[in-house]
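Colleague: Take a look at the following structure, please.
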Amino acid sequence: MLQPIEDGLIGNVTATDTHLAIDAVFRIERAKLIAGLARMVRDVGLAEELAQDALVAALEQWPRSGIPDKPGAWLMAAAKHRAIDRLRRAKLIERKHAELGRELEAEGEGATPDFDAAVDDDIGDDLLRLCHPVLSTEARVALTLRLLGGLTTEEIARGFLVPEPTIAQRIVRAKRTLAEKRVPFEVPRGADRDARLSSVLEVIYLVFNEGYSATAGDDWIRPQMCEEALRLGRILAELARDEPEVHGLVALMEIQASRLKARVGPSGEPILLLDQDRARWDRLLIRRGLKALERAEGLGGVRGPYVLQAAIAACHARARTGGETEWARIVGLYGALAELAPSPVVELNRAVARGMLLGPAAGLEIVDALASEPSLKSYHLLPSVRGDLLKKLGRFHEARAEFERAAALTRNERERRLLLDRAAACVRHGAD
């Protein structure tokens, strides 16, 4: 333990340094602390308040007494005492009050083993608990990033380019919903666990995709979102060792993240896959991704959507140049993905791969069949892909119109400029 403060110092450490250390400790312990408390009080909102109360207590006491050897256990103990005080004063949930009182009495004031166990519970379990089907996808994302990622509402709002009050309201409503529905903060079993795991993977990949290809704003990529999704995915993969789709998602994110530095130019302008300098791809992340994919495929069974997408990403990662890409394999993988999880977006991606393998006319045939698909009406990548295929066929006037339509649909400013530049290039080619 650090020495107590004397004349504003802890040894050679200032009180300010201690407050910074406390803040760092709280950011590390916060998610596990809230998870442990939520299991006790069955209310995520109250658990977050109790964790904040424990932080206040630490800020008051640690500068005088020194930082404990086991700060997480100390925070949990302080929060549990605070929980009992609240329940006693409000005369609410007498049964829980009695249970918490008996638990503290049995553990003893100085005992910490059970506190350590409470704060060391798997964060992967907490992901399963938070991603409950009673919550909307947007609420699951916001609550996960707030409670497990430790991001502030401001950081989450900036990441998704929505007003901070909107994120705050989503979090508040999510907590209220969990409380009103009396959702038990526990790990589901059997079929419920499988469904919840699918929800968790969806949330993590949504976060990653928003960082990899921002839907709106001035930035093409937001690395912080990718890093947070990767962190959660890696943790989950270590806890769910026998789940192929978990390893498949991690493989997919590792490989895609390897391209982040090559996806933008010096001024932040987007650089498309086949135009990227592959020497700038992160080989370490590629190796990690390929290893995760090998692990997923080694578990056997039918390959799921994330494993298939990771296998597609691996084809690009293994190719030293765009010309060496195994387009035939990619077309086959998209075909398997379309059978397993059919969607217009999968078909659009298959059209791109087919166009690379058999020529732009073959890809355009699939794209034109998607033109009347309602779900793609406002999807800017449909006219973007069509414009690219038309350009390769020398139909520059039509291609320009498609690029301009795509530019009007996208909400990302960087992407809009790229599409308008491609439209202008078609005008120049058409004039030649």
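Following the order of the structure tokens, chains are lettered A, B, ..., residues in each are numbered from 1, and ligands are numbered from 1.
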Can you pull out the residues contacting range 328-340 of chain A? Cut-off 12 Å, using only C-alpha atoms, and skip same-chain residues under 3 positions away; I want them as an MDAnalysis selection string.
Modeller: chainID A and resid 302:316 324:325 343:358 362:363
Colleague: Quick one: write out the picked residues with N, CA and C atoms as a tab-separated table (two decimals), in the first residue's frame?
Modeller:
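Contents of out25.tsv, freshly written:
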```
chain	number	residue	atom	x	y	z
A	302	VAL	N	-21.08	-26.68	-39.05
A	302	VAL	CA	-21.42	-25.82	-40.19
A	302	VAL	C	-20.83	-24.43	-39.96
A	303	ARG	N	-20.18	-23.91	-40.98
A	303	ARG	CA	-19.60	-22.59	-40.84
A	303	ARG	C	-20.70	-21.54	-40.78
A	304	GLY	N	-20.66	-20.69	-39.76
A	304	GLY	CA	-21.66	-19.66	-39.58
A	304	GLY	C	-21.32	-18.40	-40.37
A	305	PRO	N	-22.19	-17.38	-40.30
A	305	PRO	CA	-21.98	-16.15	-41.08
A	305	PRO	C	-20.66	-15.45	-40.79
A	306	TYR	N	-20.25	-15.40	-39.52
A	306	TYR	CA	-19.01	-14.69	-39.21
A	306	TYR	C	-17.79	-15.48	-39.67
A	307	VAL	N	-17.84	-16.79	-39.57
A	307	VAL	CA	-16.73	-17.61	-40.05
A	307	VAL	C	-16.59	-17.46	-41.56
A	308	LEU	N	-17.72	-17.46	-42.27
A	308	LEU	CA	-17.68	-17.30	-43.73
A	308	LEU	C	-17.14	-15.93	-44.12
A	309	GLN	N	-17.58	-14.89	-43.43
A	309	GLN	CA	-17.09	-13.55	-43.74
A	309	GLN	C	-15.61	-13.42	-43.43
A	310	ALA	N	-15.17	-14.09	-42.36
A	310	ALA	CA	-13.74	-14.08	-42.02
A	310	ALA	C	-12.94	-14.79	-43.09
A	311	ALA	N	-13.48	-15.88	-43.64
A	311	ALA	CA	-12.79	-16.61	-44.71
A	311	ALA	C	-12.67	-15.74	-45.96
A	312	ILE	N	-13.68	-14.92	-46.23
A	312	ILE	CA	-13.61	-13.99	-47.36
A	312	ILE	C	-12.52	-12.95	-47.11
A	313	ALA	N	-12.51	-12.38	-45.90
A	313	ALA	CA	-11.48	-11.40	-45.56
A	313	ALA	C	-10.08	-12.00	-45.66
A	314	ALA	N	-9.96	-13.27	-45.29
A	314	ALA	CA	-8.66	-13.96	-45.35
A	314	ALA	C	-8.16	-14.07	-46.78
A	315	CYS	N	-9.07	-14.24	-47.73
A	315	CYS	CA	-8.67	-14.31	-49.15
A	315	CYS	C	-7.96	-13.01	-49.56
A	316	HIS	N	-8.50	-11.89	-49.12
A	316	HIS	CA	-7.87	-10.61	-49.43
A	316	HIS	C	-6.54	-10.47	-48.68
A	324	GLU	N	-3.77	-11.05	-57.35
A	324	GLU	CA	-3.59	-12.41	-56.85
A	324	GLU	C	-4.77	-12.90	-56.01
A	325	THR	N	-5.79	-12.05	-55.90
A	325	THR	CA	-6.95	-12.42	-55.07
A	325	THR	C	-7.68	-13.62	-55.65
A	343	SER	N	-29.53	-12.25	-47.92
A	343	SER	CA	-29.87	-10.84	-47.78
A	343	SER	C	-29.44	-10.12	-49.05
A	344	PRO	N	-30.09	-9.01	-49.37
A	344	PRO	CA	-29.71	-8.23	-50.55
A	344	PRO	C	-28.27	-7.71	-50.48
A	345	VAL	N	-27.80	-7.41	-49.28
A	345	VAL	CA	-26.43	-6.90	-49.13
A	345	VAL	C	-25.42	-7.99	-49.47
A	346	VAL	N	-25.70	-9.22	-49.06
A	346	VAL	CA	-24.82	-10.33	-49.42
A	346	VAL	C	-24.80	-10.50	-50.93
A	347	GLU	N	-25.96	-10.40	-51.57
A	347	GLU	CA	-26.03	-10.52	-53.02
A	347	GLU	C	-25.24	-9.41	-53.71
A	348	LEU	N	-25.30	-8.21	-53.14
A	348	LEU	CA	-24.55	-7.09	-53.73
A	348	LEU	C	-23.05	-7.36	-53.66
A	349	ASN	N	-22.61	-7.89	-52.54
A	349	ASN	CA	-21.19	-8.23	-52.41
A	349	ASN	C	-20.81	-9.38	-53.35
A	350	ARG	N	-21.72	-10.32	-53.54
A	350	ARG	CA	-21.46	-11.42	-54.47
A	350	ARG	C	-21.35	-10.89	-55.89
A	351	ALA	N	-22.13	-9.85	-56.19
A	351	ALA	CA	-22.08	-9.25	-57.52
A	351	ALA	C	-20.70	-8.64	-57.78
A	352	VAL	N	-20.14	-7.99	-56.77
A	352	VAL	CA	-18.80	-7.39	-56.90
A	352	VAL	C	-17.78	-8.49	-57.18
A	353	ALA	N	-17.83	-9.56	-56.38
A	353	ALA	CA	-16.87	-10.65	-56.54
A	353	ALA	C	-17.04	-11.34	-57.90
A	354	ARG	N	-18.29	-11.53	-58.31
A	354	ARG	CA	-18.55	-12.18	-59.60
A	354	ARG	C	-18.06	-11.30	-60.75
A	355	GLY	N	-18.21	-9.99	-60.59
A	355	GLY	CA	-17.72	-9.07	-61.59
A	355	GLY	C	-16.21	-9.10	-61.72
A	356	MET	N	-15.52	-9.29	-60.60
A	356	MET	CA	-14.07	-9.40	-60.63
A	356	MET	C	-13.62	-10.71	-61.26
A	357	LEU	N	-14.41	-11.76	-61.08
A	357	LEU	CA	-14.04	-13.09	-61.60
A	357	LEU	C	-14.39	-13.25	-63.07
A	358	LEU	N	-15.62	-12.86	-63.43
A	358	LEU	CA	-16.13	-13.16	-64.78
A	358	LEU	C	-16.28	-11.92	-65.66
A	362	ALA	N	-21.13	-9.67	-65.82
A	362	ALA	CA	-21.67	-10.72	-64.95
A	362	ALA	C	-22.10	-10.14	-63.61
A	363	GLY	N	-21.34	-9.19	-63.10
A	363	GLY	CA	-21.71	-8.55	-61.85
A	363	GLY	C	-22.92	-7.66	-62.01
```
Colleague: Taking 5 positions as the minimum chain separation for residues in the same chain, which residues sit within 12 Å of Lys181 in chain A when counting only C-alpha atoms? Answer as a short mmCIF file (atom, residue, chain, number, x, y, z; two decimals) with N, CA and C atoms, in the first residue's frame.
Modeller:
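Now in result28.cif:
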```cif
data_model
loop_
_atom_site.label_atom_id
_atom_site.label_comp_id
_atom_site.auth_asym_id
_atom_site.auth_seq_id
_atom_site.Cartn_x
_atom_site.Cartn_y
_atom_site.Cartn_z
N ARG A 42 -30.25 -6.31 -8.54
CA ARG A 42 -31.16 -6.58 -9.65
C ARG A 42 -31.63 -5.29 -10.34
N ASP A 43 -30.74 -4.30 -10.41
CA ASP A 43 -31.09 -3.02 -11.03
C ASP A 43 -29.80 -2.40 -11.56
N HIS A 132 -29.80 -8.14 -23.59
CA HIS A 132 -31.07 -8.82 -23.38
C HIS A 132 -32.04 -8.46 -24.49
N PRO A 133 -32.84 -9.43 -24.97
CA PRO A 133 -33.75 -9.16 -26.09
C PRO A 133 -34.83 -8.13 -25.80
N VAL A 134 -35.08 -7.78 -24.53
CA VAL A 134 -36.09 -6.76 -24.26
C VAL A 134 -35.59 -5.38 -24.67
N LEU A 135 -34.29 -5.24 -24.91
CA LEU A 135 -33.71 -3.96 -25.30
C LEU A 135 -33.56 -3.90 -26.82
N ARG A 173 -33.28 4.85 -20.66
CA ARG A 173 -34.44 4.01 -21.00
C ARG A 173 -34.09 2.52 -20.90
N ALA A 174 -32.86 2.17 -21.29
CA ALA A 174 -32.45 0.76 -21.21
C ALA A 174 -32.42 0.30 -19.76
N LYS A 175 -31.86 1.11 -18.89
CA LYS A 175 -31.82 0.75 -17.46
C LYS A 175 -33.24 0.63 -16.90
N ARG A 176 -34.09 1.59 -17.29
CA ARG A 176 -35.47 1.57 -16.78
C ARG A 176 -36.20 0.32 -17.28
#
```
Colleague: Taking 4 positions as the minimum chain separation for residues in the same chain, which residues sit within 9 Å of Arg386 in chain A when counting only C-alpha atoms? Answer as a VMD selection string.
Modeller: chain A and resid 363 to 364 367 to 368 381 to 382 390 to 391 399 402 to 403
Colleague: Can you tell me which residues surround range 140-142 of chain A at a distance of at most 7 Å, considering only C-alpha atoms, apart from same-chain residues fewer than 6 positions away, and format the answer as a list in words?
Modeller: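 In the requested form, the answer reads Leu130, Cys131, Ile167, Arg170, Ile171 and Val203 of chain A.
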Colleague: Please provide as a PyMOL selection string all residues within 8 Å of Cys426 in chain A, with the sequence filter that same-chain residues fewer than 4 positions apart are discarded (counting only C-alpha atoms).
Modeller: chain A and resi 391+396-397+399-400+422+430
